[in-house]
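A.B. asks: start-v4.pdb is reproduced in full below (PDB, C-alpha atoms).
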MODEL        1
ATOM      1  CA  MET A  18     106.024 103.894 101.201
ATOM      2  CA  SER A  19     106.430 104.525  97.463
ATOM      3  CA  LEU A  20     104.216 107.037  95.688
ATOM      4  CA  PHE A  21     102.450 104.463  93.541
ATOM      5  CA  LYS A  22     101.794 102.230  96.544
ATOM      6  CA  LEU A  23     100.321 105.173  98.464
ATOM      7  CA  LYS A  24      98.236 106.099  95.435
ATOM      8  CA  ASN A  25      96.878 102.548  95.166
ATOM      9  CA  ALA A  26      95.976 102.529  98.857
ATOM     10  CA  LEU A  27      94.140 105.842  98.531
ATOM     11  CA  GLN A  28      92.315 104.598  95.437
ATOM     12  CA  LEU A  29      91.121 101.489  97.300
ATOM     13  CA  LEU A  30      90.081 103.584 100.306
ATOM     14  CA  GLY A  31      88.182 106.018  98.091
ATOM     15  CA  ALA A  32      86.445 103.214  96.206
ATOM     16  CA  GLY A  33      85.427 101.493  99.441
ATOM     17  CA  LEU A  34      84.035 104.713 100.934
ATOM     18  CA  PHE A  35      82.165 105.423  97.710
ATOM     19  CA  VAL A  36      80.430 102.027  97.768
ATOM     20  CA  PHE A  37      79.684 102.259 101.522
ATOM     21  CA  LEU A  38      78.221 105.769 101.321
ATOM     22  CA  SER A  39      76.255 104.974  98.187
ATOM     23  CA  LEU A  40      74.624 101.951  99.823
ATOM     24  CA  GLY A  41      73.922 104.000 102.927
ATOM     25  CA  LEU A  42      72.242 106.720 100.873
ATOM     26  CA  SER A  43      70.222 104.066  99.055
ATOM     27  CA  VAL A  44      68.907 102.706 102.357
ATOM     28  CA  PHE A  45      68.116 106.260 103.515
ATOM     29  CA  PHE A  46      66.322 106.999 100.228
ATOM     30  CA  ILE A  47      64.182 103.864 100.501
ATOM     31  CA  SER A  48      63.243 104.553 104.145
ATOM     32  CA  ARG A  49      62.618 108.260 103.486
ATOM     33  CA  PHE A  50      60.455 108.035 100.404
ATOM     34  CA  PHE A  51      58.828 104.707 101.150
ATOM     35  CA  PRO A  52      57.715 105.081 104.775
ATOM     36  CA  ASP A  53      55.599 101.963 104.525
ATOM     37  CA  ALA A  54      58.076  99.118 104.667
ATOM     38  CA  LEU A  55      58.646  97.491 101.324
ATOM     39  CA  PRO A  56      58.657  93.701 101.247
ATOM     40  CA  ALA A  57      62.040  92.059 101.597
ATOM     41  CA  TRP A  58      61.711  90.373  98.202
ATOM     42  CA  ILE A  59      61.877  93.869  96.654
ATOM     43  CA  VAL A  60      64.395  95.587  98.954
ATOM     44  CA  VAL A  61      67.033  92.843  99.013
ATOM     45  CA  PRO A  62      67.331  92.451  95.210
ATOM     46  CA  LEU A  63      67.417  96.243  94.827
ATOM     47  CA  LEU A  64      70.297  96.532  97.316
ATOM     48  CA  ILE A  65      72.196  93.659  95.682
ATOM     49  CA  ILE A  66      71.815  95.239  92.252
ATOM     50  CA  GLY A  67      72.774  98.616  93.708
ATOM     51  CA  PHE A  68      75.882  97.117  95.310
ATOM     52  CA  PHE A  69      77.206  95.783  91.994
ATOM     53  CA  VAL A  70      76.329  99.030  90.218
ATOM     54  CA  PHE A  71      78.227 101.050  92.833
ATOM     55  CA  VAL A  72      81.207  98.676  92.658
ATOM     56  CA  PHE A  73      81.307  99.121  88.888
ATOM     57  CA  LEU A  74      81.113 102.914  89.224
ATOM     58  CA  ALA A  75      83.882 102.845  91.846
ATOM     59  CA  MET A  76      86.122 100.849  89.503
ATOM     60  CA  VAL A  77      85.558 103.428  86.766
ATOM     61  CA  LEU A  78      85.967 106.484  89.005
ATOM     62  CA  PHE A  79      88.946 105.301  91.047
ATOM     63  CA  ARG A  80      90.909 103.220  88.569
ATOM     64  CA  GLY A  81      94.537 104.195  87.865
ATOM     65  CA  LYS A  82      95.197 106.347  84.880
ATOM     66  CA  GLY A  83      97.993 106.014  82.356
ATOM     67  CA  PRO A  84     100.353 108.810  81.489
ATOM     68  CA  ARG A  85      98.714 111.953  80.136
ATOM     69  CA  ARG A  86      99.330 112.412  76.415
ATOM     70  CA  ILE A  87     100.139 115.718  74.758
ATOM     71  CA  SER A  88     101.062 116.472  71.173
ATOM     72  CA  ALA A  89     104.641 115.860  70.049
ATOM     73  CA  GLU A  90     104.988 119.531  69.108
ATOM     74  CA  LYS A  91     103.938 120.789  72.548
ATOM     75  CA  TRP A  92     106.203 118.289  74.291
ATOM     76  CA  ALA A  93     109.175 119.282  72.121
ATOM     77  CA  ALA A  94     108.509 122.940  72.924
ATOM     78  CA  ARG A  95     108.498 122.156  76.657
ATOM     79  CA  ILE A  96     111.806 120.345  76.386
ATOM     80  CA  ARG A  97     113.374 123.235  74.434
ATOM     81  CA  LYS A  98     112.221 125.655  77.138
ATOM     82  CA  LEU A  99     113.711 123.487  79.895
ATOM     83  CA  GLU A 100     116.954 123.238  77.924
ATOM     84  CA  GLU A 101     117.114 127.002  77.454
ATOM     85  CA  ASP A 102     116.503 127.543  81.175
ATOM     86  CA  GLY A 103     119.300 125.117  82.089
ATOM     87  CA  LEU A 104     116.905 122.754  83.852
ATOM     88  CA  LEU A 105     117.916 119.519  82.154
ATOM     89  CA  ILE A 106     120.562 117.062  83.303
ATOM     90  CA  HIS A 107     121.937 114.760  80.603
ATOM     91  CA  GLN A 108     123.002 111.237  81.603
ATOM     92  CA  THR A 109     124.423 109.052  78.847
ATOM     93  CA  PHE A 110     124.713 105.289  79.264
ATOM     94  CA  ARG A 111     125.965 102.374  77.199
ATOM     95  CA  ALA A 112     124.226  99.082  77.862
ATOM     96  CA  ARG A 113     124.803  95.399  77.183
ATOM     97  CA  ARG A 114     121.521  93.679  78.146
ATOM     98  CA  ALA A 115     118.397  94.179  80.220
ATOM     99  CA  PHE A 116     115.418  92.479  81.801
ATOM    100  CA  GLN A 117     112.025  93.862  82.684
ATOM    101  CA  VAL A 118     109.980  93.567  85.875
ATOM    102  CA  ASP A 119     106.258  93.084  85.486
ATOM    103  CA  GLU A 120     104.035  95.798  86.953
ATOM    104  CA  PHE A 121     101.410  95.055  89.581
ATOM    105  CA  GLU A 122      98.950  97.710  88.469
ATOM    106  CA  ASP A 123      99.881 100.962  86.766
ATOM    107  CA  GLU A 124     103.052 102.015  88.562
ATOM    108  CA  GLY A 125     104.931 101.940  85.262
ATOM    109  CA  SER A 126     107.496  99.704  83.663
ATOM    110  CA  SER A 127     110.703  98.716  85.441
ATOM    111  CA  TYR A 128     114.035  97.639  83.955
ATOM    112  CA  PHE A 129     117.346  96.402  85.290
ATOM    113  CA  ILE A 130     119.982  97.279  82.681
ATOM    114  CA  GLU A 131     123.545  96.003  82.627
ATOM    115  CA  LEU A 132     125.933  98.794  81.645
ATOM    116  CA  VAL A 133     129.274  98.335  79.891
ATOM    117  CA  ASP A 134     131.145  98.880  83.182
ATOM    118  CA  LEU A 135     129.134  95.897  84.583
ATOM    119  CA  SER A 136     127.116  98.055  86.994
ATOM    120  CA  VAL A 137     123.307  97.781  86.841
ATOM    121  CA  LEU A 138     121.020 100.726  86.150
ATOM    122  CA  PHE A 139     117.454 100.595  87.457
ATOM    123  CA  LEU A 140     114.735 102.615  85.769
ATOM    124  CA  SER A 141     111.076 102.621  86.720
ATOM    125  CA  GLY A 142     108.072 104.746  85.874
ATOM    126  CA  GLN A 143     105.207 105.398  83.499
ATOM    127  CA  TYR A 144     107.470 107.506  81.275
ATOM    128  CA  LEU A 145     108.929 104.216  79.977
ATOM    129  CA  TYR A 146     105.613 103.393  78.297
ATOM    130  CA  ASN A 147     106.567 105.861  75.556
ATOM    131  CA  TYR A 148     109.437 103.645  74.399
ATOM    132  CA  GLU A 149     107.719 100.259  74.465
ATOM    133  CA  PRO A 150     105.707  98.529  71.743
ATOM    134  CA  LEU A 151     102.234  99.957  71.410
ATOM    135  CA  LYS A 152      99.795  97.443  70.019
ATOM    136  CA  SER A 153      96.327  97.903  68.628
ATOM    137  CA  ARG A 154      93.859  95.077  68.072
ATOM    138  CA  SER A 155      95.201  94.350  64.610
ATOM    139  CA  SER A 156      98.830  95.461  64.590
ATOM    140  CA  THR A 157     101.742  97.122  66.376
ATOM    141  CA  THR A 158     101.455 100.892  65.977
ATOM    142  CA  HIS A 159     105.040 101.558  66.999
ATOM    143  CA  SER A 160     107.928  99.280  67.911
ATOM    144  CA  ARG A 161     110.213  99.167  70.935
ATOM    145  CA  SER A 162     112.991 101.749  71.092
ATOM    146  CA  PHE A 163     114.197 101.188  74.680
ATOM    147  CA  PRO A 164     116.283  99.690  76.207
ATOM    148  CA  SER A 165     119.013 100.264  73.634
ATOM    149  CA  THR A 166     122.774  99.870  73.510
ATOM    150  CA  GLU A 167     123.243 103.609  74.024
ATOM    151  CA  PHE A 168     120.837 106.165  75.398
ATOM    152  CA  THR A 169     120.730 109.567  77.078
ATOM    153  CA  ILE A 170     118.306 110.270  79.907
ATOM    154  CA  ARG A 171     117.287 113.879  80.328
ATOM    155  CA  ARG A 172     116.084 114.613  83.856
ATOM    156  CA  HIS A 173     114.632 117.741  85.366
ATOM    157  CA  LYS A 174     117.426 119.362  87.331
ATOM    158  CA  GLU A 175     115.261 120.437  90.274
ATOM    159  CA  ASN A 176     112.453 117.867  90.434
ATOM    160  CA  GLY A 177     114.372 114.789  89.302
ATOM    161  CA  PHE A 178     111.759 113.311  86.971
ATOM    162  CA  VAL A 179     112.702 111.957  83.557
ATOM    163  CA  VAL A 180     111.752 114.334  80.744
ATOM    164  CA  ASP A 181     112.670 111.992  77.910
ATOM    165  CA  ILE A 182     115.126 109.357  76.715
ATOM    166  CA  LEU A 183     117.192 109.730  73.545
ATOM    167  CA  CYS A 184     117.745 106.197  72.255
ATOM    168  CA  ARG A 185     120.629 105.278  69.975
ATOM    169  CA  GLY A 186     122.292 102.092  68.807
ATOM    170  CA  ALA A 187     120.561  98.723  68.690
ATOM    171  CA  VAL A 188     117.390  97.922  70.600
ATOM    172  CA  LEU A 189     117.830  95.497  73.500
ATOM    173  CA  ASP A 190     114.801  93.287  73.880
ATOM    174  CA  PRO A 191     114.335  92.356  77.559
ATOM    175  CA  GLU A 192     115.730  88.909  78.286
ATOM    176  CA  ILE A 193     112.894  88.037  80.679
ATOM    177  CA  LEU A 194     109.824  89.497  82.331
ATOM    178  CA  ALA A 195     110.444  88.983  86.048
ATOM    179  CA  PRO A 196     107.642  88.874  88.654
ATOM    180  CA  TRP A 197     106.341  92.192  89.937
ATOM    181  CA  PHE A 198     107.482  93.726  93.204
ATOM    182  CA  ASP A 199     105.361  92.510  96.108
ATOM    183  CA  GLU A 200     104.753  93.510  99.705
ATOM    184  CA  ASN A 201     107.880  91.721 100.949
ATOM    185  CA  ASP A 202     110.017  93.655  98.480
ATOM    186  CA  PHE A 203     108.704  96.904  99.938
ATOM    187  CA  LYS A 204     109.188  95.784 103.533
ATOM    188  CA  LYS A 205     112.745  94.623 102.879
ATOM    189  CA  GLY A 206     113.667  97.714 100.883
ATOM    190  CA  LEU A 207     114.531  95.662  97.802
ATOM    191  CA  ILE A 208     113.163  98.156  95.277
ATOM    192  CA  PRO A 209     115.749 100.702  94.120
ATOM    193  CA  GLU A 210     114.867 104.288  93.339
ATOM    194  CA  ASP A 211     114.373 105.268  89.727
ATOM    195  CA  GLY A 212     117.805 106.004  88.259
ATOM    196  CA  ALA A 213     119.728 104.072  90.912
ATOM    197  CA  ILE A 214     122.960 102.365  89.854
ATOM    198  CA  ILE A 215     123.688  99.055  91.576
ATOM    199  CA  ARG A 216     127.392  98.272  92.040
ATOM    200  CA  ASP A 217     127.396  95.701  94.834
ATOM    201  CA  LYS A 218     125.669  93.019  92.722
ATOM    202  CA  THR A 219     126.172  91.809  89.190
ATOM    203  CA  TYR A 220     123.393  91.818  86.622
ATOM    204  CA  ASP A 221     123.102  88.031  86.829
ATOM    205  CA  GLN A 222     122.801  88.172  90.614
ATOM    206  CA  VAL A 223     120.057  90.807  90.407
ATOM    207  CA  LYS A 224     118.187  88.762  87.810
ATOM    208  CA  ARG A 225     118.528  85.575  89.846
ATOM    209  CA  ASP A 226     117.224  87.349  92.966
ATOM    210  CA  ARG A 227     114.181  88.643  91.079
ATOM    211  CA  LEU A 228     113.363  85.225  89.668
ATOM    212  CA  LYS A 229     113.467  83.751  93.176
ATOM    213  CA  GLN A 230     110.479  85.936  94.027
ATOM    214  CA  ASN A 231     108.323  83.893  91.668
TER     215      ASN A 231
ENDMDL
END
The structure in this file should be written as structure tokens.

C.D. replies:
Amino acid sequence: MSLFKLKNALQLLGAGLFVFLSLGLSVFFISRFFPDALPAWIVVPLLIIGFFVFVFLAMVLFRGKGPRRISAEKWAARIRKLEEDGLLIHQTFRARRAFQVDEFEDEGSSYFIELVDLSVLFLSGQYLYNYEPLKSRSSTTHSRSFPSTEFTIRRHKENGFVVDILCRGAVLDPEILAPWFDENDFKKGLIPEDGAIIRDKTYDQVKRDRLKQN
């Protein structure tokens, strides 16, 4: 089971328990402080209203969170420290085209990228949000910078997570937005690991397979 899928399951479990326990405490409160039975026309509406209030609170408390933001200066200082400690692995790629996979919830963006040697690089995670268009209500606050025709991924040497991506060359707008990964994809093991390079299928075959899931 992937980390984001496990996280989603735990979030749903936590939200369900929160609503169940809250309703149970409400019933206990009513019976404890109102020993004389209240009429049903009062109790039932109160419980219905309470149910929707608790559901709303559960959605707020247990919803997924986006990537944590820190200042550019602090992030640059962290990267310099990792570089000085020899904890960064540099992977440089040259790309031809790419397509994006829609996300189900907040697991992060996913891209299949055709490299110049015709292999296919798969990248997935919330770190990719930093390189995508960020739109406000009235305008785009920053434009897309990834995927691009050349880029360097800097990964943590020990933990494997992506620290940042240095984008160069021309920006490659995704050709399509393919359907998100579903339960069958997980069961069949069709979701590559972040950073995996696919060599047994062409880019067009991978794209065609993803579109079949729609």

A.B. asks: Quote the spacing between atom CA of A:Pro191 and atom CA of A:Tyr148 in Å to one decimal place.

C.D. replies: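 Between atom CA of A:Pro191 and atom CA of A:Tyr148 the gap works out to 12.7 Å.
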
A.B. asks: Atom CA of A:Phe163 and atom CA of A:Asp226 are how many Å apart?

C.D. replies: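 Distance reported for this atom pair: 23.1 Å.
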
A.B. asks: Which residue is closest to A:Leu183? Choose from A:Val70, A:Leu30, A:Leu132, A:Leu145 and count all atoms listed in the file.

C.D. replies: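 Result for the nearest residue to A:Leu183: A:Leu145.
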
A.B. asks: Residues at most 7 Å from A:Val133, counting all atoms listed in the file, excluding those fewer than 6 positions away in the same chain, as a ChimeraX atom specification?

C.D. replies: /A:111-113

A.B. asks: Taking (121.7, 91.6, 86.7) in the file's coordinates, which residues come within 7 Å, counting all atoms listed in the file, written as a list in words?

C.D. replies: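 Here the neighbourhood of the point contains Phe129, Glu131, Val137, Thr219, Tyr220, Asp221, Gln222, Val223 and Lys224 of chain A.
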
A.B. asks: For the selection just defined, write its residues with C-alpha atoms to a file, as a PDB file, in the coordinates of the input.

C.D. replies:
ATOM      1  CA  PHE A 129     117.346  96.402  85.290  1.00  0.00           C
ATOM      2  CA  GLU A 131     123.545  96.003  82.627  1.00  0.00           C
ATOM      3  CA  VAL A 137     123.307  97.781  86.841  1.00  0.00           C
ATOM      4  CA  THR A 219     126.172  91.809  89.190  1.00  0.00           C
ATOM      5  CA  TYR A 220     123.393  91.818  86.622  1.00  0.00           C
ATOM      6  CA  ASP A 221     123.102  88.031  86.829  1.00  0.00           C
ATOM      7  CA  GLN A 222     122.801  88.172  90.614  1.00  0.00           C
ATOM      8  CA  VAL A 223     120.057  90.807  90.407  1.00  0.00           C
ATOM      9  CA  LYS A 224     118.187  88.762  87.810  1.00  0.00           C
TER      10      LYS A 224
END
